[in-house]
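So this one's start_2.txt, compact mmCIF, N, CA and C atoms:
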# COMPACT_ATOMS: atom_id res chain seq x y z
N ASP D 1 8.77 -27.18 -28.04
CA ASP D 1 9.69 -26.23 -28.62
C ASP D 1 9.48 -24.82 -28.07
N ILE D 2 8.31 -24.55 -27.52
CA ILE D 2 8.07 -23.24 -26.90
C ILE D 2 8.97 -23.09 -25.68
N ILE D 3 9.04 -24.15 -24.88
CA ILE D 3 9.89 -24.10 -23.68
C ILE D 3 11.36 -23.97 -24.08
N TYR D 4 11.80 -24.73 -25.09
CA TYR D 4 13.19 -24.63 -25.56
C TYR D 4 13.51 -23.19 -25.94
N ASP D 5 12.61 -22.57 -26.71
CA ASP D 5 12.81 -21.20 -27.17
C ASP D 5 12.91 -20.23 -26.00
N LYS D 6 11.99 -20.36 -25.04
CA LYS D 6 12.01 -19.46 -23.88
C LYS D 6 13.28 -19.64 -23.06
N VAL D 7 13.68 -20.89 -22.83
CA VAL D 7 14.88 -21.15 -22.03
C VAL D 7 16.12 -20.64 -22.76
N LEU D 8 16.22 -20.87 -24.06
CA LEU D 8 17.37 -20.37 -24.82
C LEU D 8 17.44 -18.84 -24.81
N LYS D 9 16.29 -18.19 -24.93
CA LYS D 9 16.28 -16.72 -24.90
C LYS D 9 16.76 -16.22 -23.54
N LYS D 10 16.29 -16.84 -22.46
CA LYS D 10 16.73 -16.44 -21.13
C LYS D 10 18.22 -16.71 -20.94
N TYR D 11 18.69 -17.84 -21.46
CA TYR D 11 20.12 -18.17 -21.35
C TYR D 11 20.94 -17.12 -22.10
N ASN D 12 20.51 -16.75 -23.29
CA ASN D 12 21.25 -15.77 -24.09
C ASN D 12 21.28 -14.40 -23.42
N LYS D 13 20.29 -14.08 -22.59
CA LYS D 13 20.25 -12.79 -21.89
C LYS D 13 21.05 -12.83 -20.58
N ALA D 14 21.48 -14.01 -20.16
CA ALA D 14 22.22 -14.14 -18.89
C ALA D 14 23.59 -13.48 -19.01
N ASP D 15 24.18 -13.18 -17.85
CA ASP D 15 25.51 -12.59 -17.87
C ASP D 15 26.55 -13.63 -18.31
N ILE D 16 27.72 -13.16 -18.68
CA ILE D 16 28.78 -14.03 -19.24
C ILE D 16 29.20 -15.13 -18.27
N PRO D 17 29.45 -14.84 -16.98
CA PRO D 17 29.82 -15.94 -16.08
C PRO D 17 28.75 -17.04 -16.00
N SER D 18 27.49 -16.66 -16.02
CA SER D 18 26.41 -17.65 -15.98
C SER D 18 26.37 -18.47 -17.27
N GLN D 19 26.69 -17.86 -18.38
CA GLN D 19 26.72 -18.60 -19.64
C GLN D 19 27.91 -19.56 -19.67
N ILE D 20 29.02 -19.17 -19.09
CA ILE D 20 30.21 -20.02 -19.12
C ILE D 20 30.13 -21.12 -18.07
N LEU D 21 29.72 -20.79 -16.83
CA LEU D 21 29.74 -21.75 -15.73
C LEU D 21 28.36 -22.23 -15.29
N GLY D 22 27.30 -21.62 -15.79
CA GLY D 22 25.95 -22.04 -15.47
C GLY D 22 25.41 -21.40 -14.21
N ILE D 23 24.17 -21.80 -13.88
CA ILE D 23 23.50 -21.23 -12.71
C ILE D 23 23.27 -22.26 -11.62
N GLY D 24 23.81 -23.45 -11.78
CA GLY D 24 23.73 -24.47 -10.76
C GLY D 24 22.73 -25.57 -11.09
N PHE D 25 22.94 -26.72 -10.44
CA PHE D 25 22.10 -27.89 -10.69
C PHE D 25 20.63 -27.55 -10.49
N ASN D 26 19.80 -27.99 -11.41
CA ASN D 26 18.36 -27.76 -11.38
C ASN D 26 18.02 -26.28 -11.52
N GLY D 27 18.92 -25.54 -12.13
CA GLY D 27 18.76 -24.10 -12.25
C GLY D 27 17.60 -23.67 -13.12
N VAL D 28 17.29 -24.44 -14.16
CA VAL D 28 16.17 -24.06 -15.03
C VAL D 28 14.89 -24.05 -14.22
N ILE D 29 14.67 -25.07 -13.43
CA ILE D 29 13.44 -25.14 -12.63
C ILE D 29 13.44 -24.07 -11.53
N ARG D 30 14.59 -23.84 -10.91
CA ARG D 30 14.67 -22.87 -9.82
C ARG D 30 14.55 -21.43 -10.31
N GLU D 31 15.17 -21.12 -11.45
CA GLU D 31 15.34 -19.72 -11.84
C GLU D 31 14.51 -19.27 -13.03
N TYR D 32 14.10 -20.17 -13.88
CA TYR D 32 13.48 -19.77 -15.13
C TYR D 32 11.97 -19.95 -15.07
N LYS D 33 11.27 -18.88 -14.81
CA LYS D 33 9.81 -18.91 -14.81
C LYS D 33 9.37 -18.65 -16.25
N VAL D 34 8.63 -19.60 -16.81
CA VAL D 34 8.27 -19.53 -18.23
C VAL D 34 6.77 -19.50 -18.39
N THR D 35 6.29 -18.65 -19.27
CA THR D 35 4.88 -18.67 -19.66
C THR D 35 4.84 -19.23 -21.07
N PRO D 36 4.56 -20.53 -21.23
CA PRO D 36 4.60 -21.14 -22.56
C PRO D 36 3.67 -20.48 -23.57
N ASN D 37 2.45 -20.16 -23.18
CA ASN D 37 1.58 -19.35 -24.05
C ASN D 37 0.62 -18.58 -23.16
N LEU D 38 -0.12 -17.70 -23.74
CA LEU D 38 -0.93 -16.78 -22.94
C LEU D 38 -2.08 -17.46 -22.19
N SER D 39 -2.48 -18.64 -22.61
CA SER D 39 -3.59 -19.30 -21.93
C SER D 39 -3.15 -20.06 -20.67
N TRP D 40 -1.87 -20.22 -20.47
CA TRP D 40 -1.36 -20.93 -19.29
C TRP D 40 -0.84 -19.92 -18.29
N ASP D 41 -0.90 -20.29 -17.02
CA ASP D 41 -0.27 -19.46 -16.00
C ASP D 41 1.24 -19.67 -16.07
N ALA D 42 1.97 -18.66 -15.67
CA ALA D 42 3.42 -18.79 -15.62
C ALA D 42 3.79 -19.79 -14.55
N HIS D 43 4.75 -20.63 -14.83
CA HIS D 43 5.20 -21.62 -13.85
C HIS D 43 6.65 -22.01 -14.14
N TYR D 44 7.25 -22.65 -13.17
CA TYR D 44 8.62 -23.09 -13.34
C TYR D 44 8.62 -24.40 -14.11
N VAL D 45 9.53 -24.52 -15.05
CA VAL D 45 9.56 -25.69 -15.91
C VAL D 45 10.98 -26.22 -16.06
N SER D 46 11.06 -27.47 -16.46
CA SER D 46 12.33 -28.05 -16.87
C SER D 46 12.49 -27.77 -18.36
N ALA D 47 13.72 -27.80 -18.83
CA ALA D 47 13.98 -27.57 -20.25
C ALA D 47 13.50 -28.75 -21.10
N HIS D 48 13.30 -29.92 -20.49
CA HIS D 48 12.90 -31.14 -21.21
C HIS D 48 13.86 -31.47 -22.34
N ASN D 49 15.11 -31.19 -22.12
CA ASN D 49 16.18 -31.55 -23.04
C ASN D 49 17.46 -31.54 -22.20
N ASP D 50 18.07 -32.70 -22.05
CA ASP D 50 19.24 -32.78 -21.17
C ASP D 50 20.38 -31.89 -21.62
N PHE D 51 20.58 -31.77 -22.92
CA PHE D 51 21.68 -30.95 -23.42
C PHE D 51 21.44 -29.48 -23.11
N LEU D 52 20.22 -29.02 -23.26
CA LEU D 52 19.87 -27.65 -22.91
C LEU D 52 19.90 -27.45 -21.40
N GLU D 53 19.44 -28.45 -20.67
CA GLU D 53 19.46 -28.39 -19.20
C GLU D 53 20.89 -28.28 -18.69
N VAL D 54 21.80 -29.07 -19.25
CA VAL D 54 23.20 -29.03 -18.84
C VAL D 54 23.82 -27.68 -19.22
N LEU D 55 23.48 -27.16 -20.40
CA LEU D 55 24.00 -25.86 -20.82
C LEU D 55 23.62 -24.77 -19.83
N VAL D 56 22.36 -24.73 -19.43
CA VAL D 56 21.91 -23.69 -18.51
C VAL D 56 22.44 -23.94 -17.10
N ASP D 57 22.35 -25.18 -16.62
CA ASP D 57 22.75 -25.49 -15.24
C ASP D 57 24.26 -25.38 -15.03
N PHE D 58 25.05 -25.84 -16.01
CA PHE D 58 26.50 -25.90 -15.83
C PHE D 58 27.27 -25.10 -16.86
N GLY D 59 26.59 -24.35 -17.69
CA GLY D 59 27.22 -23.46 -18.65
C GLY D 59 27.88 -24.19 -19.80
N PHE D 60 28.58 -23.41 -20.60
CA PHE D 60 29.27 -23.95 -21.76
C PHE D 60 30.31 -24.98 -21.35
N VAL D 61 31.00 -24.71 -20.24
CA VAL D 61 32.01 -25.64 -19.75
C VAL D 61 31.37 -26.99 -19.40
N GLY D 62 30.27 -26.97 -18.70
CA GLY D 62 29.57 -28.20 -18.34
C GLY D 62 29.05 -28.95 -19.54
N LEU D 63 28.52 -28.22 -20.53
CA LEU D 63 28.03 -28.88 -21.75
C LEU D 63 29.17 -29.53 -22.50
N LEU D 64 30.31 -28.85 -22.57
CA LEU D 64 31.48 -29.43 -23.24
C LEU D 64 31.92 -30.72 -22.53
N LEU D 65 31.98 -30.70 -21.21
CA LEU D 65 32.35 -31.90 -20.46
C LEU D 65 31.32 -33.02 -20.65
N PHE D 66 30.04 -32.68 -20.67
CA PHE D 66 28.98 -33.66 -20.89
C PHE D 66 29.12 -34.30 -22.27
N LEU D 67 29.41 -33.49 -23.29
CA LEU D 67 29.59 -34.02 -24.64
C LEU D 67 30.83 -34.90 -24.74
N ILE D 68 31.88 -34.56 -24.01
CA ILE D 68 33.07 -35.41 -23.96
C ILE D 68 32.73 -36.76 -23.34
N ILE D 69 31.95 -36.75 -22.28
CA ILE D 69 31.53 -38.01 -21.64
C ILE D 69 30.69 -38.84 -22.60
N VAL D 70 29.77 -38.21 -23.31
CA VAL D 70 28.96 -38.94 -24.29
C VAL D 70 29.85 -39.54 -25.37
N TYR D 71 30.84 -38.79 -25.80
CA TYR D 71 31.79 -39.31 -26.81
C TYR D 71 32.58 -40.50 -26.26
N LYS D 72 32.99 -40.41 -25.00
CA LYS D 72 33.70 -41.53 -24.37
C LYS D 72 32.80 -42.76 -24.28
N PHE D 73 31.51 -42.55 -24.02
CA PHE D 73 30.56 -43.65 -24.02
C PHE D 73 30.49 -44.29 -25.40
N TYR D 74 30.58 -43.47 -26.43
CA TYR D 74 30.61 -44.00 -27.79
C TYR D 74 31.81 -44.93 -27.96
N GLY D 75 32.94 -44.57 -27.38
CA GLY D 75 34.12 -45.43 -27.41
C GLY D 75 33.88 -46.78 -26.74
N CYS D 76 33.01 -46.80 -25.75
CA CYS D 76 32.68 -48.07 -25.08
C CYS D 76 31.94 -49.01 -26.01
N ILE D 77 31.23 -48.46 -26.97
CA ILE D 77 30.53 -49.32 -27.94
C ILE D 77 31.57 -50.11 -28.73
N LYS D 78 32.64 -49.45 -29.14
CA LYS D 78 33.71 -50.14 -29.87
C LYS D 78 34.36 -51.22 -29.00
N LYS D 79 34.58 -50.89 -27.74
CA LYS D 79 35.15 -51.87 -26.81
C LYS D 79 34.20 -53.05 -26.64
N GLY D 80 32.92 -52.76 -26.51
CA GLY D 80 31.92 -53.80 -26.35
C GLY D 80 31.89 -54.74 -27.54
N LYS D 81 32.12 -54.21 -28.72
CA LYS D 81 32.14 -55.04 -29.93
C LYS D 81 33.30 -56.02 -29.90
N ARG D 82 34.44 -55.59 -29.33
CA ARG D 82 35.60 -56.48 -29.22
C ARG D 82 35.40 -57.55 -28.16
N ILE D 83 34.64 -57.23 -27.11
CA ILE D 83 34.42 -58.18 -26.01
C ILE D 83 33.40 -59.24 -26.41
N GLY D 84 32.29 -58.79 -26.98
CA GLY D 84 31.24 -59.74 -27.35
C GLY D 84 29.97 -59.02 -27.75
N GLU D 85 29.11 -59.74 -28.43
CA GLU D 85 27.88 -59.15 -28.97
C GLU D 85 26.97 -58.60 -27.87
N ASN D 86 26.88 -59.29 -26.74
CA ASN D 86 26.01 -58.82 -25.66
C ASN D 86 26.47 -57.47 -25.12
N TYR D 87 27.77 -57.30 -24.96
CA TYR D 87 28.30 -56.02 -24.48
C TYR D 87 28.07 -54.92 -25.51
N PHE D 88 28.26 -55.25 -26.77
CA PHE D 88 28.03 -54.29 -27.84
C PHE D 88 26.58 -53.81 -27.81
N GLN D 89 25.65 -54.73 -27.74
CA GLN D 89 24.23 -54.38 -27.75
C GLN D 89 23.84 -53.58 -26.51
N ALA D 90 24.37 -53.96 -25.36
CA ALA D 90 24.06 -53.23 -24.12
C ALA D 90 24.57 -51.79 -24.19
N ASN D 91 25.79 -51.61 -24.69
CA ASN D 91 26.36 -50.27 -24.78
C ASN D 91 25.66 -49.44 -25.84
N LEU D 92 25.32 -50.05 -26.96
CA LEU D 92 24.60 -49.33 -28.00
C LEU D 92 23.24 -48.88 -27.48
N SER D 93 22.55 -49.75 -26.78
CA SER D 93 21.25 -49.40 -26.20
C SER D 93 21.38 -48.29 -25.17
N ALA D 94 22.38 -48.40 -24.31
CA ALA D 94 22.58 -47.38 -23.26
C ALA D 94 22.86 -46.01 -23.87
N LEU D 95 23.72 -45.98 -24.89
CA LEU D 95 24.01 -44.70 -25.53
C LEU D 95 22.78 -44.15 -26.26
N ALA D 96 22.02 -45.02 -26.91
CA ALA D 96 20.81 -44.58 -27.59
C ALA D 96 19.81 -44.00 -26.60
N VAL D 97 19.64 -44.66 -25.47
CA VAL D 97 18.73 -44.14 -24.43
C VAL D 97 19.23 -42.80 -23.92
N LEU D 98 20.52 -42.71 -23.64
CA LEU D 98 21.10 -41.46 -23.13
C LEU D 98 20.86 -40.30 -24.09
N VAL D 99 21.13 -40.52 -25.36
CA VAL D 99 21.02 -39.43 -26.35
C VAL D 99 19.56 -39.16 -26.71
N LEU D 100 18.83 -40.19 -27.08
CA LEU D 100 17.45 -39.97 -27.54
C LEU D 100 16.53 -39.49 -26.43
N MET D 101 16.59 -40.13 -25.28
CA MET D 101 15.76 -39.67 -24.16
C MET D 101 16.23 -38.30 -23.67
N GLY D 102 17.53 -38.06 -23.75
CA GLY D 102 18.06 -36.76 -23.35
C GLY D 102 17.58 -35.62 -24.22
N MET D 103 17.21 -35.93 -25.45
CA MET D 103 16.73 -34.89 -26.36
C MET D 103 15.29 -34.48 -26.08
N VAL D 104 14.53 -35.31 -25.39
CA VAL D 104 13.11 -34.99 -25.20
C VAL D 104 12.67 -35.08 -23.74
N SER D 105 13.58 -35.26 -22.83
CA SER D 105 13.20 -35.42 -21.44
C SER D 105 14.19 -34.67 -20.56
N HIS D 106 14.10 -34.86 -19.28
CA HIS D 106 15.04 -34.24 -18.35
C HIS D 106 15.60 -35.31 -17.42
N LEU D 107 16.07 -36.38 -18.00
CA LEU D 107 16.57 -37.51 -17.22
C LEU D 107 17.86 -37.17 -16.46
N PHE D 108 18.58 -36.17 -16.96
CA PHE D 108 19.82 -35.76 -16.29
C PHE D 108 19.55 -35.33 -14.85
N LEU D 109 18.36 -34.86 -14.58
CA LEU D 109 18.02 -34.40 -13.23
C LEU D 109 17.86 -35.55 -12.24
N TYR D 110 17.76 -36.78 -12.75
CA TYR D 110 17.56 -37.94 -11.89
C TYR D 110 18.87 -38.73 -11.79
N PRO D 111 19.56 -38.63 -10.67
CA PRO D 111 20.87 -39.27 -10.53
C PRO D 111 20.84 -40.78 -10.76
N THR D 112 19.74 -41.44 -10.43
CA THR D 112 19.70 -42.90 -10.62
C THR D 112 19.76 -43.26 -12.10
N PHE D 113 19.15 -42.47 -12.95
CA PHE D 113 19.20 -42.74 -14.39
C PHE D 113 20.64 -42.70 -14.87
N ILE D 114 21.35 -41.65 -14.53
CA ILE D 114 22.75 -41.51 -14.95
C ILE D 114 23.58 -42.64 -14.34
N ALA D 115 23.32 -43.01 -13.10
CA ALA D 115 24.08 -44.08 -12.44
C ALA D 115 23.90 -45.41 -13.18
N TYR D 116 22.69 -45.73 -13.59
CA TYR D 116 22.46 -46.99 -14.31
C TYR D 116 23.15 -46.99 -15.68
N ILE D 117 23.11 -45.86 -16.36
CA ILE D 117 23.78 -45.77 -17.66
C ILE D 117 25.29 -45.92 -17.47
N VAL D 118 25.83 -45.26 -16.46
CA VAL D 118 27.27 -45.34 -16.20
C VAL D 118 27.68 -46.76 -15.83
N MET D 119 26.81 -47.49 -15.13
CA MET D 119 27.13 -48.87 -14.76
C MET D 119 27.39 -49.74 -15.99
N VAL D 120 26.58 -49.57 -17.02
CA VAL D 120 26.77 -50.36 -18.25
C VAL D 120 28.15 -50.08 -18.84
N PHE D 121 28.51 -48.82 -18.91
CA PHE D 121 29.80 -48.46 -19.49
C PHE D 121 30.96 -48.86 -18.57
N ALA D 122 30.76 -48.78 -17.27
CA ALA D 122 31.81 -49.19 -16.32
C ALA D 122 32.07 -50.70 -16.41
N ILE D 123 31.02 -51.48 -16.53
CA ILE D 123 31.18 -52.93 -16.67
C ILE D 123 31.97 -53.24 -17.94
N THR D 124 31.63 -52.56 -19.02
CA THR D 124 32.33 -52.77 -20.29
C THR D 124 33.80 -52.39 -20.18
N ASN D 125 34.08 -51.24 -19.57
CA ASN D 125 35.47 -50.81 -19.41
C ASN D 125 36.25 -51.78 -18.55
N GLY D 126 35.64 -52.28 -17.48
CA GLY D 126 36.31 -53.25 -16.62
C GLY D 126 36.61 -54.54 -17.35
N LYS D 127 35.62 -55.04 -18.06
CA LYS D 127 35.80 -56.28 -18.83
C LYS D 127 36.85 -56.09 -19.92
N TYR D 128 36.83 -54.95 -20.58
CA TYR D 128 37.81 -54.65 -21.63
C TYR D 128 39.22 -54.57 -21.05
N SER D 129 39.36 -53.94 -19.90
CA SER D 129 40.68 -53.85 -19.24
C SER D 129 41.21 -55.23 -18.90
N ASN D 130 40.35 -56.10 -18.39
CA ASN D 130 40.76 -57.48 -18.09
C ASN D 130 41.16 -58.22 -19.36
N LEU D 131 40.45 -57.99 -20.45
CA LEU D 131 40.76 -58.64 -21.73
C LEU D 131 42.12 -58.18 -22.23
N ILE D 132 42.40 -56.91 -22.12
CA ILE D 132 43.69 -56.36 -22.58
C ILE D 132 44.84 -56.92 -21.72
N LYS D 133 44.63 -57.01 -20.40
CA LYS D 133 45.66 -57.52 -19.49
C LYS D 133 46.00 -58.97 -19.75
N THR D 134 45.00 -59.76 -20.12
CA THR D 134 45.23 -61.19 -20.30
C THR D 134 45.79 -61.53 -21.69
N HIS D 135 45.73 -60.57 -22.61
CA HIS D 135 46.26 -60.83 -23.97
C HIS D 135 47.53 -60.12 -24.18
Could you quickly redo this structure as structure tokens?
Amino acid sequence: DIIYDKVLKKYNKADIPSQILGIGFNGVIREYKVTPNLSWDAHYVSAHNDFLEVLVDFGFVGLLLFLIIVYKFYGCIKKGKRIGENYFQANLSALAVLVLMGMVSHLFLYPTFIAYIVMVFAITNGKYSNLIKTH
């Protein structure tokens, strides 16, 4: 929570364009030098929270788009329930991993993590589209 506090304070002190559009991918690590407490040397850190990382890297606009995507993933859970129990469980697990791990880690910085999560939802959407077409 020390890092969250420091990153939020720096974000709040940023200029308006940076708050709206962000400072770029991996911006927290590149730009935010944080001294977590006086016994540690200052060093560059990740926010260790995907939602905060997205807010700083891509601004309010990016966070809003990220939250819309998460909400759309929630819709895939409903689709998965209509397709079958296995799809429902896979989508529920994927969303839980995305949200829960995103709250305490920086998985957003690793493109492969996001790609694997998106694959689960893409498979569900494809299967759901085929189900709708055939009925």
Those of chain D in DSSP helix (DSSP H, G or I), formatted as a PyMOL selection string:
chain D and resi 2-13+16-21+27-31+50-83+85-104+107-109+111-134
What is the distance between atom N of Leu21 (chain D) and atom N of Phe60 (chain D), in Å to one decimal?
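We find that atom N of Leu21 (chain D) and atom N of Phe60 (chain D) lie 4.7 Å from each other.
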Can you work out the spacing between CA of Glu31 (chain D) and atom C of Val61 (chain D) in Å, to one decimal?
19.2 Å
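Minimum atom-to-atom distance to Gln19 (chain D), evaluated using only N, CA and C atoms, belongs to D:Gly59 out of D:Gly126, D:Gly75, D:Gly59, D:Gly80.
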Give me, as a PyMOL selection string, all polymer residues having an atom no more than 12 Å from Tyr116 (chain D), counting only C-alpha atoms and skipping those fewer than 2 positions away in the same chain.
chain D and resi 90-91+94-95+97-98+107-108+110-114+118-123
Here is a test: counting all atoms listed in the file, which residue of D:His135, D:Lys79, D:Arg30, D:Lys6 is nearest to Val45 (chain D)?
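So, comparing all the options, the nearest one is D:Arg30.
In this comparison, which uses only C-alpha atoms, the residue of D:Ser46, D:Phe73, D:Arg82, D:Tyr11 approaching Ala96 (chain D) most closely is D:Phe73.
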How big is the axis-aligned box around the listed atoms of region 53-62 of chain D once 3 Å is added on each side, and where is its centre? Give both in Å to one decimal, as lines of an AutoDock Vina configuration file.
center_x = 25.7
center_y = -26.2
center_z = -18.4
size_x = 18.6
size_y = 11.7
size_z = 12.7
Figure out the distance between atom N of Phe51 (chain D) and atom N of Ile29 (chain D), please, to one decimal in Å.
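Here the two named atoms are 13.0 Å from each other.
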Between D:Ile16, D:Ala47, D:Ile23, D:Leu92, smallest distance to Ser105 (chain D) by only N, CA and C atoms belongs to D:Ala47
Which residue gives the smallest distance to Leu63 (chain D) among D:Met103, D:Ile20, D:Ile77, D:Ala115, with only C-alpha atoms counted?
D:Ile20
